[in-house]
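K.L.:
Sending over run07.txt (compact mmCIF, C-alpha atoms).
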```txt
# COMPACT_ATOMS: atom_id res chain seq x y z
CA MET V 552 2.93 -32.31 31.22
CA SER V 553 6.27 -30.70 32.04
CA ARG V 554 9.21 -32.67 33.29
CA SER V 555 11.52 -31.11 35.83
CA LEU V 556 15.23 -31.27 35.28
CA PRO V 557 17.25 -33.42 37.67
CA SER V 558 18.95 -30.29 39.03
CA ASP V 559 15.53 -29.05 40.22
CA ASN V 560 15.59 -31.77 42.86
CA LEU V 561 19.00 -30.79 44.21
CA PRO V 562 18.93 -28.70 47.37
CA GLY V 563 19.84 -25.07 46.83
CA TYR V 564 21.63 -22.73 49.17
CA GLU V 565 18.25 -21.82 50.73
CA GLU V 566 18.05 -25.35 52.12
CA LEU V 567 21.75 -25.99 52.71
CA ILE V 568 22.91 -22.86 54.55
CA PRO V 569 20.55 -23.28 57.53
CA LYS V 570 21.86 -26.86 57.93
CA TYR V 571 25.53 -25.80 57.97
CA SER V 572 27.48 -26.18 61.18
CA ASP V 573 28.84 -22.99 62.74
CA GLU V 574 32.29 -23.85 61.38
CA GLU V 575 30.95 -24.30 57.84
CA LEU V 576 29.06 -21.03 58.15
CA LEU V 577 32.26 -19.27 59.27
CA ASN V 578 34.00 -20.61 56.17
CA VAL V 579 31.23 -19.20 53.98
CA LEU V 580 31.56 -15.81 55.68
CA LYS V 581 35.33 -15.81 55.16
CA ARG V 582 34.85 -16.61 51.48
CA ARG V 583 31.64 -14.68 50.87
CA SER V 584 32.89 -12.99 47.70
CA TYR V 585 33.10 -16.43 46.03
CA TYR V 586 29.36 -17.00 46.55
CA THR V 587 26.40 -15.39 44.84
CA LYS V 588 25.14 -12.27 46.58
CA LYS V 589 21.93 -14.03 47.64
CA ALA V 590 23.82 -16.98 49.15
CA ALA V 591 26.29 -14.69 50.95
CA ASP V 592 23.44 -12.54 52.30
CA MET V 593 21.61 -15.63 53.51
CA ALA V 594 24.78 -16.87 55.26
CA ILE V 595 25.17 -13.47 56.93
CA GLN V 596 21.54 -13.52 58.12
CA GLU V 597 21.96 -17.10 59.41
CA ALA V 598 25.14 -16.06 61.27
CA ILE V 599 23.29 -13.13 62.86
CA LYS V 600 20.41 -15.42 63.82
CA ARG V 601 22.82 -17.86 65.52
CA GLY V 602 24.76 -15.10 67.27
CA ILE V 603 28.00 -15.79 65.41
CA ILE V 604 27.97 -12.13 64.40
CA TYR V 605 25.71 -9.35 65.63
CA THR V 606 25.61 -7.08 62.59
CA GLU V 607 27.06 -7.03 59.08
CA HIS V 608 29.58 -4.50 60.40
CA ASP V 609 31.22 -7.38 62.33
CA LEU V 610 32.41 -8.76 58.99
CA PHE V 611 35.00 -5.96 58.84
CA SER V 612 36.86 -7.44 61.83
CA GLU V 613 40.09 -9.40 61.38
CA LYS V 614 38.31 -12.66 62.21
CA PHE V 615 36.16 -12.39 59.08
CA ARG V 616 38.75 -11.03 56.69
CA GLU V 617 38.21 -12.74 53.37
CA GLU V 618 40.54 -15.62 52.68
CA LYS V 619 42.06 -15.81 49.24
CA LEU V 620 41.65 -19.18 47.64
CA LEU V 621 44.93 -20.72 46.55
CA PHE V 622 45.32 -22.84 43.43
CA SER V 623 45.37 -26.56 44.08
CA TRP V 624 45.48 -29.55 41.77
CA PHE V 625 43.31 -31.35 44.33
CA PRO V 626 40.86 -28.77 45.74
CA VAL V 627 39.06 -30.64 48.50
CA PRO V 628 35.87 -28.81 49.46
CA GLN V 629 35.26 -28.03 53.11
CA ASN V 630 31.57 -28.87 52.76
CA THR V 631 30.88 -32.51 53.67
CA GLU V 632 28.09 -32.91 51.10
CA ALA V 633 30.27 -31.57 48.29
CA ARG V 634 33.05 -34.00 49.25
CA LYS V 635 30.59 -36.91 49.17
CA LYS V 636 29.36 -35.91 45.70
CA ILE V 637 32.89 -35.65 44.32
CA LYS V 638 33.85 -38.97 45.89
CA LYS V 639 30.80 -40.74 44.40
CA SER V 640 31.52 -39.23 40.99
CA ILE V 641 35.13 -40.41 41.00
CA ILE V 642 34.10 -43.89 42.16
CA ARG V 643 31.53 -44.14 39.33
CA SER V 644 34.28 -43.17 36.88
CA LEU V 645 36.57 -45.84 38.30
CA ILE V 646 33.84 -48.47 37.96
CA GLY V 647 33.34 -47.38 34.35
CA THR V 648 37.09 -47.66 33.79
CA GLY V 649 36.95 -51.28 35.04
CA LEU V 650 34.16 -52.06 32.59
CA ILE V 651 36.46 -51.32 29.63
CA PRO V 652 38.83 -54.32 30.03
CA PHE V 653 35.99 -56.52 31.32
CA VAL V 654 33.77 -55.94 28.27
CA TYR V 655 36.73 -56.05 25.88
CA GLY V 656 37.90 -59.38 27.31
CA ALA V 657 34.40 -60.85 27.29
CA PHE V 658 33.95 -59.78 23.67
CA GLN V 659 37.30 -61.36 22.73
CA ILE V 660 36.28 -64.62 24.41
CA TYR V 661 32.94 -64.55 22.57
CA ARG V 662 34.73 -64.02 19.23
CA GLY V 663 37.10 -66.89 19.96
CA TYR V 664 40.26 -64.80 20.41
CA GLY V 665 41.13 -66.22 23.80
CA GLU V 666 44.74 -65.03 24.00
CA HIS V 667 44.94 -62.84 27.13
CA ALA V 668 41.15 -62.32 27.10
CA GLU V 669 40.78 -64.01 30.49
CA ILE V 670 43.35 -61.59 31.90
CA TYR V 671 41.28 -58.63 30.70
CA VAL V 672 38.09 -60.05 32.22
CA ALA V 673 39.81 -60.86 35.54
CA PHE V 674 41.51 -57.46 35.69
CA GLY V 675 38.28 -55.64 34.89
CA LEU V 676 36.38 -57.62 37.52
CA PHE V 677 39.15 -57.01 40.10
CA TRP V 678 39.08 -53.28 39.30
CA ILE V 679 35.27 -53.04 39.52
CA ILE V 680 35.15 -54.88 42.88
CA LEU V 681 37.86 -52.67 44.40
CA SER V 682 36.13 -49.56 43.06
CA ILE V 683 32.84 -50.62 44.65
CA LEU V 684 34.66 -51.28 47.93
CA LEU V 685 35.75 -47.64 47.94
CA THR V 686 32.20 -46.75 48.98
CA GLN V 687 32.86 -48.48 52.32
CA ASN V 688 35.17 -45.63 53.51
CA LYS V 689 38.09 -48.02 53.99
CA THR V 690 40.11 -46.45 51.24
CA GLY V 691 43.80 -46.73 52.19
CA TRP V 692 44.73 -50.19 50.94
CA ILE V 693 42.13 -50.08 48.16
CA LEU V 694 43.56 -46.86 46.68
CA LEU V 695 47.07 -48.30 46.88
CA SER V 696 45.91 -51.52 45.18
CA LEU V 697 44.16 -49.58 42.41
CA GLY V 698 47.24 -47.37 41.94
CA VAL V 699 49.50 -50.41 41.58
CA ALA V 700 46.97 -52.03 39.23
CA ASP V 701 46.82 -48.84 37.14
CA MET V 702 50.60 -48.81 36.76
CA ALA V 703 50.70 -52.56 36.00
CA ALA V 704 48.00 -52.13 33.34
CA MET V 705 49.92 -49.26 31.79
CA VAL V 706 53.15 -51.28 31.63
CA TYR V 707 51.30 -54.32 30.22
CA SER V 708 49.56 -52.18 27.61
CA PHE V 709 52.79 -50.49 26.60
CA GLN V 710 54.41 -53.88 26.06
CA LYS V 711 51.47 -54.97 23.91
CA LEU V 712 51.62 -51.73 21.91
CA LEU V 713 55.39 -51.97 21.37
CA VAL V 714 55.06 -55.47 19.92
CA SER V 715 52.38 -54.35 17.48
CA SER V 716 52.70 -51.49 15.05
CA ARG V 717 50.16 -49.09 16.53
CA ALA V 718 49.75 -45.40 15.89
CA VAL V 719 51.12 -42.73 18.21
CA ILE V 720 47.57 -41.74 19.14
CA GLU V 721 47.11 -45.06 20.93
CA TYR V 722 50.10 -44.27 23.17
CA PHE V 723 48.62 -40.85 23.85
CA ILE V 724 45.22 -42.34 24.75
CA LEU V 725 46.81 -44.94 27.02
CA ILE V 726 48.91 -42.35 28.87
CA THR V 727 45.96 -39.96 29.18
CA ILE V 728 43.61 -42.59 30.63
CA SER V 729 46.25 -43.86 33.06
CA LEU V 730 47.04 -40.33 34.26
CA MET V 731 43.35 -39.48 34.65
CA VAL V 732 42.84 -42.62 36.74
CA LEU V 733 45.91 -41.77 38.82
CA TYR V 734 44.58 -38.22 39.32
CA GLY V 735 41.23 -39.60 40.49
CA LEU V 736 42.94 -41.97 42.92
CA ILE V 737 45.08 -39.19 44.40
CA PHE V 738 42.02 -36.94 44.63
CA LEU V 739 40.15 -39.69 46.53
CA TYR V 740 43.14 -40.05 48.86
CA LYS V 741 43.10 -36.30 49.58
CA ILE V 742 39.34 -36.38 50.25
CA SER V 743 39.74 -39.39 52.58
CA LYS V 744 42.60 -37.69 54.41
CA THR V 745 40.47 -34.55 54.91
CA GLU V 746 37.52 -36.64 56.16
CA SER V 747 39.69 -38.50 58.66
CA GLN V 748 41.04 -35.21 60.05
CA SER V 749 37.57 -33.75 60.60
```
So that I can check it, write out the structure of this file as structure tokens.
P.N.:
Amino acid sequence: MSRSLPSDNLPGYEELIPKYSDEELLNVLKRRSYYTKKAADMAIQEAIKRGIIYTEHDLFSEKFREEKLLFSWFPVPQNTEARKKIKKSIIRSLIGTGLIPFVYGAFQIYRGYGEHAEIYVAFGLFWIILSILLTQNKTGWILLSLGVADMAAMVYSFQKLLVSSRAVIEYFILITISLMVLYGLIFLYKISKTESQS
């Protein structure tokens, strides 16, 4: 009995391209060199079928000149489904990030080291709840709250590390995690801004 990989259940371009709006199809045509030949050809055939273009020769007109993709630290996809997938992935990462202080604090309470353990549990729970609320599409105040909480956690952690004699690697890990969380929050803000404009 063979098991199919999870990616086998994901829709391919054969299923997605016919569902694209005319605007999304135009974007594919303008960026056709960034797609596989089969996907680009299917988009061209779909555009001909819908009357967006009449022949492949129409792609030589100024309207369909290929757009060069510019580098961006926060590349928000034009495709709605791709944006949703990225948003869900970032939110799952944020929930996982909230589990770290929650589990650490709970473990400290269990071991009897109660100093600041309740703060870790409360912070982790606060972070997890706000992260789950991000799925409700009301992201403005939640992203701001998580950003402030991220900075507060970084300052608190730095103070704790300065008091103890920790290795430099711990500072590096702390900075890296905080910056990755900040990047995810800014990315979510950019996605939300794009969704509100469309």
K.L.:
Near Lys619 of chain V, within 12 Å and counting all atoms listed in the file, which residues show up once chain neighbours fewer than 5 positions away are dropped, as number ranges by chain?
P.N.:
V: 578, 581-585
K.L.:
Find the spatial neighbours of Tyr707 of chain V, counting only C-alpha atoms, within a cut-off of 12 Å - ignore same-chain residues fewer than 6 positions away - and output them as a compact mmCIF listing (two decimals) with C-alpha atoms, keeping the file's coordinate frame.
P.N.:
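For reference, around_29.txt as written:
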```
# COMPACT_ATOMS: atom_id res chain seq x y z
CA HIS V 667 44.94 -62.84 27.13
CA ILE V 670 43.35 -61.59 31.90
CA TYR V 671 41.28 -58.63 30.70
CA PHE V 674 41.51 -57.46 35.69
CA ALA V 700 46.97 -52.03 39.23
CA ASP V 701 46.82 -48.84 37.14
CA LEU V 713 55.39 -51.97 21.37
CA VAL V 714 55.06 -55.47 19.92
CA LEU V 725 46.81 -44.94 27.02
CA SER V 729 46.25 -43.86 33.06
```
K.L.:
Quick one: pull the distance between atom CA of Glu669 of chain V and atom CA of Val654 of chain V, Å, one decimal.
P.N.:
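Going from atom CA of Glu669 of chain V over to atom CA of Val654 of chain V covers 10.9 Å.
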K.L.:
Point out the residue among V:Val627, V:Ile604, V:Val579, V:Ala704 with the least atom-to-atom distance to Lys744 of chain V, counting all atoms listed in the file.
P.N.:
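For Lys744 of chain V, the nearest of the given residues is V:Val627.
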K.L.:
Could you state the separation of atom CA of Leu730 of chain V and atom CA of Met702 of chain V in Å, given to one decimal place?
P.N.:
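Rounded to one decimal, the two atoms are 9.5 Å apart.
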K.L.:
At most 10 Å is the cut-off: for each residue in segment 587-661 of chain V with any atom that close to an atom of segment 676-687 of chain V, write down the nearest atom pair and the distance in Å rounded to one decimal, counting all atoms listed in the file, chain first then increasing number, as a tab-separated table.
P.N.:
```
residue	atom	partner	partner_atom	distance
V:Lys635	CA	V:Thr686	CA	10.0
V:Lys638	CA	V:Thr686	CA	8.5
V:Lys639	CA	V:Thr686	CA	7.7
V:Ile641	CA	V:Ser682	CA	9.4
V:Ile642	CA	V:Ser682	CA	6.1
V:Arg643	CA	V:Ser682	CA	8.0
V:Ser644	CA	V:Ser682	CA	9.1
V:Leu645	CA	V:Ser682	CA	6.1
V:Ile646	CA	V:Ile679	CA	5.0
V:Gly647	CA	V:Ile679	CA	7.9
V:Thr648	CA	V:Ile679	CA	8.1
V:Gly649	CA	V:Ile679	CA	5.1
V:Leu650	CA	V:Ile679	CA	7.1
V:Pro652	CA	V:Leu676	CA	8.5
V:Phe653	CA	V:Leu676	CA	6.3
V:Val654	CA	V:Leu676	CA	9.8
```
K.L.:
Near Ser572 of chain V, counting only C-alpha atoms, which residues have an atom at most 12 Å away, once you skip same-chain residues fewer than 5 positions from it, shown as a list in words?
P.N.:
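Counting only C-alpha atoms, the residues come to Leu567, Leu577, Asn578, Val579, Ala594, Glu597, Ala598, Arg601, Ile603, Gln629, Asn630 and Thr631 of chain V.
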K.L.:
How many Å lie between atom CA of Glu565 of chain V and atom CA of Phe622 of chain V, rounded to one decimal?
P.N.:
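Atom-to-atom, atom CA of Glu565 of chain V to atom CA of Phe622 of chain V, that is 28.1 Å.
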K.L.:
List the neighbours of Gly691 of chain V out to 12 Å using only C-alpha atoms; skip same-chain residues closer than 3 positions along the sequence, and give me the result as a PyMOL selection string.
P.N.:
chain V and resi 681+684-685+687-688+694-698+736-737+739-744+747
K.L.:
Could you give me segment 717-748 of chain V completed to N, CA and C atoms, formatted as a JSON list (two decimals), keeping the file's coordinate frame?
P.N.:
```
[["chain", "number", "residue", "atom", "x", "y", "z"],
["V", 717, "ARG", "N", 51.32, -49.96, 16.28],
["V", 717, "ARG", "CA", 50.16, -49.09, 16.53],
["V", 717, "ARG", "C", 50.54, -47.64, 16.29],
["V", 718, "ALA", "N", 49.54, -46.83, 16.12],
["V", 718, "ALA", "CA", 49.75, -45.40, 15.89],
["V", 718, "ALA", "C", 50.10, -44.70, 17.19],
["V", 719, "VAL", "N", 50.72, -43.53, 17.06],
["V", 719, "VAL", "CA", 51.12, -42.73, 18.21],
["V", 719, "VAL", "C", 49.91, -42.34, 19.05],
["V", 720, "ILE", "N", 48.77, -42.15, 18.42],
["V", 720, "ILE", "CA", 47.57, -41.74, 19.14],
["V", 720, "ILE", "C", 47.19, -42.76, 20.19],
["V", 721, "GLU", "N", 47.44, -44.03, 19.95],
["V", 721, "GLU", "CA", 47.11, -45.06, 20.93],
["V", 721, "GLU", "C", 47.97, -44.92, 22.18],
["V", 722, "TYR", "N", 49.24, -44.54, 22.02],
["V", 722, "TYR", "CA", 50.10, -44.27, 23.17],
["V", 722, "TYR", "C", 49.56, -43.08, 23.96],
["V", 723, "PHE", "N", 49.16, -42.06, 23.23],
["V", 723, "PHE", "CA", 48.62, -40.85, 23.85],
["V", 723, "PHE", "C", 47.36, -41.17, 24.65],
["V", 724, "ILE", "N", 46.46, -41.96, 24.07],
["V", 724, "ILE", "CA", 45.22, -42.34, 24.75],
["V", 724, "ILE", "C", 45.52, -43.15, 26.00],
["V", 725, "LEU", "N", 46.44, -44.10, 25.89],
["V", 725, "LEU", "CA", 46.81, -44.94, 27.02],
["V", 725, "LEU", "C", 47.38, -44.10, 28.16],
["V", 726, "ILE", "N", 48.30, -43.21, 27.84],
["V", 726, "ILE", "CA", 48.91, -42.35, 28.87],
["V", 726, "ILE", "C", 47.85, -41.45, 29.50],
["V", 727, "THR", "N", 46.99, -40.87, 28.67],
["V", 727, "THR", "CA", 45.96, -39.96, 29.18],
["V", 727, "THR", "C", 45.01, -40.67, 30.14],
["V", 728, "ILE", "N", 44.52, -41.85, 29.76],
["V", 728, "ILE", "CA", 43.61, -42.59, 30.63],
["V", 728, "ILE", "C", 44.29, -42.98, 31.93],
["V", 729, "SER", "N", 45.53, -43.46, 31.84],
["V", 729, "SER", "CA", 46.25, -43.86, 33.06],
["V", 729, "SER", "C", 46.47, -42.67, 33.99],
["V", 730, "LEU", "N", 46.82, -41.52, 33.43],
["V", 730, "LEU", "CA", 47.04, -40.33, 34.26],
["V", 730, "LEU", "C", 45.73, -39.82, 34.86],
["V", 731, "MET", "N", 44.64, -39.90, 34.11],
["V", 731, "MET", "CA", 43.35, -39.48, 34.65],
["V", 731, "MET", "C", 42.93, -40.39, 35.81],
["V", 732, "VAL", "N", 43.15, -41.68, 35.66],
["V", 732, "VAL", "CA", 42.84, -42.62, 36.74],
["V", 732, "VAL", "C", 43.71, -42.32, 37.95],
["V", 733, "LEU", "N", 44.99, -42.09, 37.73],
["V", 733, "LEU", "CA", 45.91, -41.77, 38.82],
["V", 733, "LEU", "C", 45.48, -40.47, 39.52],
["V", 734, "TYR", "N", 45.07, -39.47, 38.75],
["V", 734, "TYR", "CA", 44.58, -38.22, 39.32],
["V", 734, "TYR", "C", 43.36, -38.48, 40.20],
["V", 735, "GLY", "N", 42.42, -39.27, 39.70],
["V", 735, "GLY", "CA", 41.23, -39.60, 40.49],
["V", 735, "GLY", "C", 41.57, -40.32, 41.78],
["V", 736, "LEU", "N", 42.53, -41.23, 41.73],
["V", 736, "LEU", "CA", 42.94, -41.97, 42.92],
["V", 736, "LEU", "C", 43.59, -41.04, 43.95],
["V", 737, "ILE", "N", 44.45, -40.14, 43.48],
["V", 737, "ILE", "CA", 45.08, -39.19, 44.40],
["V", 737, "ILE", "C", 44.04, -38.25, 44.99],
["V", 738, "PHE", "N", 43.09, -37.82, 44.16],
["V", 738, "PHE", "CA", 42.02, -36.94, 44.63],
["V", 738, "PHE", "C", 41.21, -37.64, 45.73],
["V", 739, "LEU", "N", 40.87, -38.92, 45.51],
["V", 739, "LEU", "CA", 40.15, -39.69, 46.53],
["V", 739, "LEU", "C", 40.96, -39.79, 47.81],
["V", 740, "TYR", "N", 42.27, -39.97, 47.68],
["V", 740, "TYR", "CA", 43.14, -40.05, 48.86],
["V", 740, "TYR", "C", 43.08, -38.73, 49.63],
["V", 741, "LYS", "N", 43.15, -37.62, 48.92],
["V", 741, "LYS", "CA", 43.10, -36.30, 49.58],
["V", 741, "LYS", "C", 41.76, -36.10, 50.28],
["V", 742, "ILE", "N", 40.67, -36.50, 49.64],
["V", 742, "ILE", "CA", 39.34, -36.38, 50.25],
["V", 742, "ILE", "C", 39.27, -37.25, 51.51],
["V", 743, "SER", "N", 39.77, -38.49, 51.43],
["V", 743, "SER", "CA", 39.74, -39.39, 52.58],
["V", 743, "SER", "C", 40.59, -38.85, 53.73],
["V", 744, "LYS", "N", 41.72, -38.27, 53.40],
["V", 744, "LYS", "CA", 42.60, -37.69, 54.41],
["V", 744, "LYS", "C", 41.89, -36.52, 55.11],
["V", 745, "THR", "N", 41.21, -35.68, 54.33],
["V", 745, "THR", "CA", 40.47, -34.55, 54.91],
["V", 745, "THR", "C", 39.34, -35.04, 55.80],
["V", 746, "GLU", "N", 38.63, -36.09, 55.36],
["V", 746, "GLU", "CA", 37.52, -36.64, 56.16],
["V", 746, "GLU", "C", 38.02, -37.25, 57.46],
["V", 747, "SER", "N", 39.18, -37.88, 57.43],
["V", 747, "SER", "CA", 39.69, -38.50, 58.66],
["V", 747, "SER", "C", 40.19, -37.46, 59.66],
["V", 748, "GLN", "N", 40.57, -36.28, 59.17],
["V", 748, "GLN", "CA", 41.04, -35.21, 60.05],
["V", 748, "GLN", "C", 39.88, -34.44, 60.68]]
```
